[in-house]
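Enquirer: Quick one: this structure, given as structure tokens, is what I'll be asking you about.
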Amino acid sequence: MAQITMTQALNLAIDEAMADDPGVFCLGEDVSAKQGGGVFKVTQGLTEKYGEHRIRATPISETAIIGAAVGAALAGQRPIAEIMLMNFVGVCMDQIVNHAAKLRFMSGGQTPCPIVIRTTTGVGVGFGGQHSDMLEAWFAHVAGIHVVTPSNPADARGLMRASIDANDPVIFIENILCYGLKAEDPGPGYRVPLGKAAIAREGSDISIITYGRTVMDALAVADDLAKEGISVEVIDLRTIAPYDEATVLASVRKTGRALTLHEAVRPFGTGAEIAANIQEKCWDSLKGPVRRIGGTFSAVPFASHLEQAWIPQKSDIVAQIKASVGKH
Amino acid sequence: MSQIAKEIGRDTLLDIYTRTMKVNRTDEKFRELLMGGKVAVMYYCVRGQELVSAAAMAALEKDDYVVCTYRGQGEQTAKGIPMEKWWGECLGKATGTCKGKGGTMHITDPETGIMVTTGVVGSGLPIANGLAMASQNNGDGRVTLVSFGDGAANIGGFHEAMNMAQLYKLPVVFLCQNNRYGEHTAYADHTDSPNIATRAAGYGMPGVTVDGNDVHQIYPAVKEAVDRARRGEGPTLVEAMCYRMMGHFFGSDFSYMPPEHIAEMKAEDPLPKLRKVMLEHQFTEEELDAIVADIDGQINAAVEHALAAPLPDVGEIYKDVLEETV
């Protein structure tokens, strides 16, 4: 099987969805051929195939972009709207939170809003405070939205296809540092169902619940700790909200220990919600408190050594796991 | 103000009159129920703006889309939402358009083209673009009309949406009901330019200011904008000068309106003006009264139906969140 990058995986998923359904179209800043197919090239080559009406390059107008996506979705189309960088969602939160997320409910089910909001972010590329944040918790806190993020190319292809199929809004977070990852192409039509986590690695001593780029960190740590006789299970949520509670709880009941890990800042993060849920529902299985790791509670800094210090450290993950399992 | 003043056919006049009175009688009935303590819900009165909504809806086809605001009773009833469903929703009943989950600020009825009623000032314009974009994409020939107030002209989404609509030549009509107040703030205290329609020029779009109390101005202006959009020539901004003759919402204080403003709006009341036009076109007092009596009968029946209707099941709070019940 061919190897593909995550960028190619996303492009393939969008391409085949557009070929299958004339109601699928993309809109966003710089997405069309004239601008090179998106700043990260995810929509490259699609204008040539589907025309400028279906790959609509927009003005720098996030509210108008999401508003247009909402309206088109209400009329039965399936827009894929790109918000170039996740911090820019601050410009269009009204359209996402008050409209996209709520129109199905407020209309008594008459107007579902099937839109995919693709957005990019990530710490570690020197973009500084306004281009790097993982803001998934903002959306996980709102009823009526799926929040999705792939950690690898195969999931990217399958999750994107499932997100376009979904009859509700999806915030689809792409981590900049994952675009270049290569893996085997799962092939045409591949779908990863929303709301279904993956057990990225099986283990028996502790469960790490994570998603996106930090899945790679968790797997690397698990490899290292295996050499020391500590068996780490890694859960890749894939869908952050609503998340696969059954898989998480089953894992924790098996291992008796849990660590939540995300790139987003720790306070009030998704890890807090997951930890609280585990403690409510798995208390009798727990051998110790659920631990949480997240980014530093400050703006993402610019200087490389500051930025690297800001990110959750593998050494922290190792230390927390060792403290949890009682080995130092 | 524009010099648009075209002759309107008798059938169209009758249609506009009927829609106008439907809006007005619904408004009167709602205030009567609220005053009598029979219902206690948020309601944004449309007294003074009935004609603008009615004429605009008369200029649309049945399949056309509408996006309106919390002060959207005029668009909703004039576009033709069945009265029982409309009243059911306003009273929070299971029989409402949205099963009682939307309420007065979020009436939705896709069957009659009322696609979104937003409670957030200025949020409707970007969504209207999307509805129009879908029509442009699939060639269904529909036009989308979005109604909003003068207050909405100062929020970012207005400008983003106007620019995008013109850029893509979307089949959309921007109807600004300039009722001289943004919530409790008078026009002159929130905007220094003499009107809103001139902003259209900044986006390369036609813009027109008309007297929203004169059927011979408002109807032709909206009709021309709708026709233009349907011909694929792009959006128009129509600014209808009108008056909000009550407070921001029912029961709210409006002593901030100066006496001369109140005198001015009473003199410009669209209802006696429209009645005069109807009489000039050889409709009789009896015919016009009969139309109102018929509307009152329908409204009273719809209100009785809504008052007697069941409340939504409590389980509804878990439904329609996502496609599958969570």
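Chain labels run A, B, ... following the order of the structure tokens; each chain numbers its residues from 1, and ligands are numbered from 1 in the order shown.
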List every residue of chain B that has an atom at most 7 Å from any atom of chain A, and for each one report the closest atom pair and its distance in Å to one decimal, counting only C-alpha atoms, with rows sorted by chain and then by increasing residue number, as a tab-separated table.
Expert:
residue	atom	partner	partner_atom	distance
B:Cys98	CA	A:Gly108	CA	4.2
B:Lys99	CA	A:Gly108	CA	5.5
B:Lys101	CA	A:Met106	CA	5.3
B:Gly102	CA	A:Met106	CA	4.3
B:His106	CA	A:Met106	CA	6.6
B:Thr108	CA	A:Ser107	CA	5.5
B:Pro126	CA	A:Gly67	CA	4.4
B:Ile127	CA	A:Gly67	CA	4.3
B:Ala128	CA	A:Gly71	CA	6.0
B:Asn129	CA	A:Ala68	CA	5.3
B:Gly130	CA	A:Ala68	CA	3.5
B:Leu131	CA	A:Gly71	CA	4.4
B:Met133	CA	A:Ala72	CA	6.3
B:Ala134	CA	A:Ala72	CA	4.9
B:Asn137	CA	A:His53	CA	6.8
B:Gly157	CA	A:Thr63	CA	6.0
B:Glu160	CA	A:Ala64	CA	5.5
B:Ala161	CA	A:Ala64	CA	5.3
B:Asp320	CA	A:Phe105	CA	4.7
B:Val321	CA	A:Gly144	CA	5.0
B:Leu322	CA	A:Gly144	CA	5.3
B:Glu323	CA	A:Asn167	CA	6.5
Enquirer: Got a sec to tell me which of segment 142-321 of chain A DSSP assigns to helix (DSSP H, G or I), as a ChimeraX atom specification?
Expert: /A:153-165,176-178,214-226,245-255,270-281,283-285,304-310,314-321
Enquirer: Kindly give the distance, in Å, that separates atom CA of Ile240 of chain A and atom CA of Thr43 of chain A, rounded to a single decimal.
Expert: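 The value is 24.3 Å.
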Enquirer: Would you list the contacts of Arg275 of chain B as a list of chain:residue names, taking every protein, DNA or RNA residue within 10 Å and counting only C-alpha atoms, but skipping same-chain residues closer than 4 positions in sequence?
Expert: B:Tyr17, B:Pro270, B:Leu271, B:Leu279, B:Glu280, B:His281, B:Phe283, B:Thr284, B:Glu285, B:Leu288
Enquirer: Write out as a PDB file with C-alpha atoms, in the first residue's frame the residues lying within 8 Å of segment 15-18 of chain A, counting only C-alpha atoms and excluding same-chain residues fewer than 4 positions away.
Expert:
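The resulting file, around.pdb, is shown below:
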ATOM      1  CA  ASN A  11      -6.998  16.078   0.521  1.00  0.00           C
ATOM      2  CA  PRO A  22     -22.265  17.815  -5.473  1.00  0.00           C
ATOM      3  CA  GLY A  23     -23.471  19.504  -2.263  1.00  0.00           C
ATOM      4  CA  VAL A  24     -20.001  19.298  -0.698  1.00  0.00           C
ATOM      5  CA  PHE A  25     -17.943  22.451  -1.212  1.00  0.00           C
ATOM      6  CA  LEU A  46      -9.315  20.549  -6.094  1.00  0.00           C
ATOM      7  CA  TYR A  50     -14.375  21.127  -9.138  1.00  0.00           C
ATOM      8  CA  ARG A 161     -14.797  11.462   5.571  1.00  0.00           C
ATOM      9  CA  ILE A 164     -18.320  15.370   6.080  1.00  0.00           C
ATOM     10  CA  PRO A 188     -10.841   5.137  -0.809  1.00  0.00           C
ATOM     11  CA  GLY A 189     -14.064   5.304   1.175  1.00  0.00           C
TER      12      GLY A 189
END
Enquirer: Counting only C-alpha atoms, which of B:Cys90, B:Val116, B:Ile81, B:Ala225 gets nearest to Leu33 of chain B?
Expert: B:Cys90
Enquirer: List the spatial neighbours of segment 47-61 of chain B as an NGL selection string - criterion: any atom at most 8 Å away, only C-alpha atoms, same-chain residues fewer than 5 positions off excluded.
Expert: :B and (12 or 15-17 or 19-21 or 23-24 or 27 or 74-75 or 78-79 or 143 or 177 or 179 or 212-213 or 215 or 218-219 or 222-223 or 226 or 240 or 242-246 or 269-271)
Enquirer: Per DSSP on the backbone, filter segment 145-243 of chain B down to the residues in strand (DSSP E or B) and report them as a VMD selection string.
Expert: chain B and resid 145 to 149 172 to 178 181 to 182 185 to 186 207 to 211 236 to 241
Enquirer: I'd like the neighbourhood of Arg25 of chain B as number ranges by chain, where a residue qualifies if any of its atoms comes within 9 Å (using only C-alpha atoms), though same-chain residues fewer than 3 positions away should be ignored.
Expert: B: 20-22, 28-30, 292, 295-296, 299
Enquirer: Using the selection just defined, write its residues with N, CA and C atoms as an mmCIF file, in the first residue's frame.
Expert:
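To be explicit, this is the file written out as part.cif:
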data_model
loop_
_atom_site.group_PDB
_atom_site.id
_atom_site.type_symbol
_atom_site.label_atom_id
_atom_site.label_comp_id
_atom_site.auth_asym_id
_atom_site.auth_seq_id
_atom_site.Cartn_x
_atom_site.Cartn_y
_atom_site.Cartn_z
ATOM 1 N N THR B 20 -50.209 43.049 5.847
ATOM 2 C CA THR B 20 -49.942 44.106 6.821
ATOM 3 C C THR B 20 -50.871 43.973 8.026
ATOM 4 N N MET B 21 -52.133 43.736 7.748
ATOM 5 C CA MET B 21 -53.096 43.646 8.846
ATOM 6 C C MET B 21 -52.903 42.372 9.661
ATOM 7 N N LYS B 22 -52.426 41.333 8.999
ATOM 8 C CA LYS B 22 -52.115 40.100 9.733
ATOM 9 C C LYS B 22 -51.004 40.375 10.751
ATOM 10 N N GLU B 28 -51.174 43.296 17.958
ATOM 11 C CA GLU B 28 -52.182 43.795 18.908
ATOM 12 C C GLU B 28 -52.607 42.677 19.857
ATOM 13 N N LYS B 29 -52.827 41.495 19.285
ATOM 14 C CA LYS B 29 -53.287 40.366 20.096
ATOM 15 C C LYS B 29 -52.225 39.978 21.120
ATOM 16 N N PHE B 30 -50.983 39.999 20.674
ATOM 17 C CA PHE B 30 -49.902 39.611 21.587
ATOM 18 C C PHE B 30 -49.833 40.586 22.763
ATOM 19 N N VAL B 292 -59.984 42.398 7.993
ATOM 20 C CA VAL B 292 -59.461 42.451 9.369
ATOM 21 C C VAL B 292 -60.256 41.504 10.270
ATOM 22 N N ILE B 295 -59.118 38.017 9.670
ATOM 23 C CA ILE B 295 -57.800 37.790 10.298
ATOM 24 C C ILE B 295 -57.971 37.622 11.805
ATOM 25 N N ASP B 296 -58.776 38.480 12.416
ATOM 26 C CA ASP B 296 -58.994 38.376 13.866
ATOM 27 C C ASP B 296 -59.561 37.009 14.240
ATOM 28 N N ILE B 299 -56.768 34.542 14.095
ATOM 29 C CA ILE B 299 -55.830 34.720 15.210
ATOM 30 C C ILE B 299 -56.442 34.197 16.507
#
Enquirer: Hey, what's within 7 Å of segment 297-299 of chain A if we count only C-alpha atoms and toss same-chain stuff fewer than 3 positions away? As a list in words, please?
Expert: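 Residues meeting the cut-off are Gly129, Val265 and Arg266 of chain A.
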